[in-house]
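Asks: Here it is, the structure in full.
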Amino acid sequence: MTQPASPARQDAPIPIAKSAPAGGGWRRSLGLRADVRNLSLLGVLAVLIAVGGITKPDEFLATSNLQLVLTQASIIGVVTVGMTFVITSGGIDLSVGAIVALASVWATTVATQEYGFAGILFTAVIVGLGCGLVNGLLIAYGGMVPFIATLAMLASARGLALQITDGKTQIVTVNSVLDLGIKDAYILGIPPLVLVFAAVTVVGWLLLNRTTFGRRTVAVGGNAEAARLAGIDVRRQRLYLYLLSGLCCGIAAFMLIVLAGSGQNTNGNLYELDAIAAAIIGGTLLSGGRGTIVGSVLGVLVFTTITNIFALNNLESAVQQIAKGAIIVAAVLVQHRTLRGAEH
């Protein structure tokens, strides 16, 4: 004989129904805090500009210096856009600097330069995509931990770049490439590399915030198993993300070639740390599940401005690294406090 449902079972759905608004409130709280974080970063950037203007007014506020700051920020900024996607998915990419170096030297070999502008650009992008493909296959289908896989790529790409150059600088002789770095190529006073960065940023923002690809990226970073049960091919998504990171590295390598007029095996040194740091202070969670392109761009501008101010004031690079380290630690602590506050 069937027994009537107990009161406990009849009341079971009630807590579930109540939990939905709470989840929405948690997301709204994080969204509000993200807005506050972006405003805070704008405030920090304004303070840094004021400091630069006070300490070195003639040099820091010069149009040429501001153009240089934006150009330098553009190269690492493109790398950071790709890194933001990877970290949002719960991964990490320690090989971005080495990939930039490998792509830049491969694209500036004598054989490649014979094909002109298109050959250099094509080679830089293909090398970046190739490295991203290897990372993605090892992580998504090989089951390797992202830290280990990308660390191995870092060592391999740096070694290959050194072997290609034999430790020598490869000078670019293709005028159509070099012309992009001169002032005559500026559009309304804006360097072409800055425009490329702006285009990558817009595409990255749309991809993360307005497409299924972006929603899948966030879902994988938030809970990979839940994403899989929801029908998302987690392995394929991770492969695509590392391909995207490699593509950004290839583009950045070409931009660096334009800026430096050469390819060197030392290119992209510490880019991985700068990109990770910029994404973190911008509000992208190291644990995955949330990313912000706008915050990452602001983070890049903050770090680039700090480096420029330190250089103009003849401060040692060691002091710069200490300052960056302190900023990273502070950003991570703020993230932890933000998450705890949102949960409560």
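Ordering of the structure tokens sets the chain letters (A, B, ...), residue numbers begin anew at 1 in every chain, and ligands are numbered from 1 in the order given.
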Contacts of Leu298 of chain A at 12 Å or less, counting only C-alpha atoms, minus same-chain residues fewer than 5 places along, as a compact mmCIF listing (two decimals) with N, CA, C and O atoms, in the first residue's frame?
Replies:
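Okay, around_21.txt is ready:
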```
# COMPACT_ATOMS: atom_id res chain seq x y z
N ARG A 37 35.65 47.98 -9.59
CA ARG A 37 37.07 47.69 -9.85
C ARG A 37 37.56 48.47 -11.07
O ARG A 37 38.65 49.04 -11.04
N ASN A 38 36.79 48.50 -12.15
CA ASN A 38 37.19 49.23 -13.34
C ASN A 38 37.33 50.73 -13.06
O ASN A 38 38.27 51.37 -13.53
N LEU A 39 36.40 51.27 -12.29
CA LEU A 39 36.50 52.68 -11.91
C LEU A 39 37.74 52.91 -11.04
O LEU A 39 38.42 53.94 -11.18
N SER A 40 38.04 51.95 -10.18
CA SER A 40 39.24 52.07 -9.34
C SER A 40 40.50 52.05 -10.19
O SER A 40 41.44 52.82 -9.96
N LEU A 41 40.53 51.18 -11.20
CA LEU A 41 41.69 51.12 -12.09
C LEU A 41 41.84 52.41 -12.88
O LEU A 41 42.96 52.89 -13.11
N LEU A 42 40.72 52.98 -13.30
CA LEU A 42 40.78 54.28 -13.97
C LEU A 42 41.35 55.34 -13.04
O LEU A 42 42.12 56.21 -13.46
N GLY A 43 40.96 55.26 -11.76
CA GLY A 43 41.49 56.19 -10.78
C GLY A 43 42.98 56.01 -10.59
O GLY A 43 43.74 57.00 -10.51
N VAL A 44 43.43 54.75 -10.52
CA VAL A 44 44.86 54.47 -10.39
C VAL A 44 45.62 55.00 -11.59
O VAL A 44 46.69 55.60 -11.47
N LEU A 45 45.05 54.78 -12.77
CA LEU A 45 45.69 55.26 -14.00
C LEU A 45 45.79 56.78 -14.00
O LEU A 45 46.82 57.35 -14.40
N ALA A 46 44.74 57.45 -13.53
CA ALA A 46 44.76 58.91 -13.45
C ALA A 46 45.84 59.40 -12.48
O ALA A 46 46.55 60.38 -12.75
N LEU A 70 51.35 53.91 -25.40
CA LEU A 70 50.21 53.21 -25.99
C LEU A 70 50.68 52.09 -26.93
O LEU A 70 50.08 51.01 -26.97
N ALA A 73 51.95 49.25 -24.80
CA ALA A 73 50.80 48.60 -24.17
C ALA A 73 50.03 47.75 -25.18
O ALA A 73 49.44 46.73 -24.81
N SER A 74 50.06 48.16 -26.43
CA SER A 74 49.31 47.44 -27.46
C SER A 74 49.83 46.02 -27.66
O SER A 74 49.06 45.07 -27.81
N ILE A 76 51.69 43.96 -25.56
CA ILE A 76 51.36 43.08 -24.44
C ILE A 76 49.85 42.99 -24.25
O ILE A 76 49.32 41.99 -23.76
N GLY A 77 49.14 44.03 -24.68
CA GLY A 77 47.68 44.04 -24.56
C GLY A 77 47.03 42.97 -25.41
O GLY A 77 46.08 42.31 -24.99
N THR A 80 47.45 39.79 -23.71
CA THR A 80 46.60 39.74 -22.53
C THR A 80 45.16 39.39 -22.87
O THR A 80 44.47 38.72 -22.10
N VAL A 81 44.68 39.83 -24.03
CA VAL A 81 43.33 39.48 -24.45
C VAL A 81 43.20 37.96 -24.57
O VAL A 81 42.25 37.35 -24.07
N THR A 201 40.82 44.21 -29.09
CA THR A 201 40.07 44.38 -27.84
C THR A 201 38.56 44.33 -28.09
O THR A 201 37.83 43.65 -27.37
N ALA A 275 51.06 39.60 -18.70
CA ALA A 275 49.70 39.32 -19.17
C ALA A 275 48.84 38.75 -18.06
O ALA A 275 47.68 39.15 -17.88
N ALA A 277 49.34 39.12 -14.82
CA ALA A 277 49.15 40.17 -13.82
C ALA A 277 48.09 41.18 -14.26
O ALA A 277 47.23 41.58 -13.47
N ALA A 278 48.12 41.58 -15.54
CA ALA A 278 47.15 42.55 -16.04
C ALA A 278 45.74 41.98 -15.98
O ALA A 278 44.78 42.68 -15.61
N ALA A 279 45.60 40.70 -16.33
CA ALA A 279 44.28 40.07 -16.29
C ALA A 279 43.76 39.97 -14.85
O ALA A 279 42.58 40.21 -14.58
N ILE A 280 44.65 39.66 -13.92
CA ILE A 280 44.25 39.50 -12.52
C ILE A 280 43.80 40.82 -11.92
O ILE A 280 42.74 40.92 -11.32
N ILE A 281 44.63 41.86 -12.08
CA ILE A 281 44.24 43.13 -11.47
C ILE A 281 43.04 43.73 -12.19
O ILE A 281 42.33 44.57 -11.63
N GLY A 282 42.79 43.26 -13.41
CA GLY A 282 41.61 43.72 -14.14
C GLY A 282 40.33 43.07 -13.67
O GLY A 282 39.24 43.55 -13.99
N GLY A 283 40.44 41.97 -12.91
CA GLY A 283 39.24 41.35 -12.37
C GLY A 283 38.96 39.94 -12.86
O GLY A 283 37.96 39.33 -12.48
N THR A 284 39.81 39.39 -13.72
CA THR A 284 39.62 38.01 -14.17
C THR A 284 40.04 37.06 -13.05
O THR A 284 41.13 37.20 -12.49
N THR A 292 37.12 39.63 -17.73
CA THR A 292 36.72 40.95 -18.20
C THR A 292 37.80 41.51 -19.11
O THR A 292 38.95 41.70 -18.68
N ILE A 293 37.45 41.75 -20.36
CA ILE A 293 38.40 42.30 -21.32
C ILE A 293 38.72 43.75 -20.98
O ILE A 293 39.88 44.17 -21.04
N PHE A 303 50.17 48.89 -15.85
CA PHE A 303 51.52 48.35 -15.78
C PHE A 303 52.46 49.06 -16.75
O PHE A 303 53.62 49.35 -16.41
N THR A 304 51.98 49.35 -17.95
CA THR A 304 52.83 50.01 -18.94
C THR A 304 53.17 51.43 -18.49
O THR A 304 54.31 51.89 -18.67
N THR A 305 52.22 52.10 -17.90
CA THR A 305 52.46 53.46 -17.40
C THR A 305 53.47 53.45 -16.26
O THR A 305 54.36 54.31 -16.19
```
Asks: Applying 12 Å and only C-alpha atoms, which residues near segment 113-127 of chain A remain after dropping the ones on its own chain fewer than 4 positions away? List them as a PyMOL selection string.
Replies: chain A and resi 96+98-109+131-134+157+160-161+170-180+243-258+261-263
Asks: When distances are computed from only C-alpha atoms, which of A:Asn308, A:Thr212, A:Thr88, A:Gln321 shows the smallest separation from Leu61 of chain A?
Replies: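 Using only C-alpha atoms, the shortest distance to Leu61 of chain A belongs to A:Asn308.
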Asks: May I ask which of the residues A:Gln320, A:Ile232, A:Arg238, A:Gly295 is the closest one to Val36 of chain A, counting only C-alpha atoms?
Replies: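 Once distances to Val36 of chain A are computed over only C-alpha atoms, the minimum belongs to A:Gly295.
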Asks: Please measure the separation of atom CA of Leu151 of chain A and atom CA of Leu273 of chain A, giving the value in Å to one decimal.
Replies: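 Here the two named atoms are 12.6 Å from each other.
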Asks: Return the single residue from A:Ser287, A:Thr307, A:Thr165, A:Ser317 that is closest to Thr84 of chain A, with distances computed using only C-alpha atoms.
Replies: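 Closest candidate: A:Ser287.
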Asks: When you count only C-alpha atoms, which of these residues is closest to Gly288 of chain A: A:Leu137, A:Ile187, A:Ala219, A:Leu333?
Replies: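 Counting only C-alpha atoms, the residue closest to Gly288 of chain A is A:Ala219.
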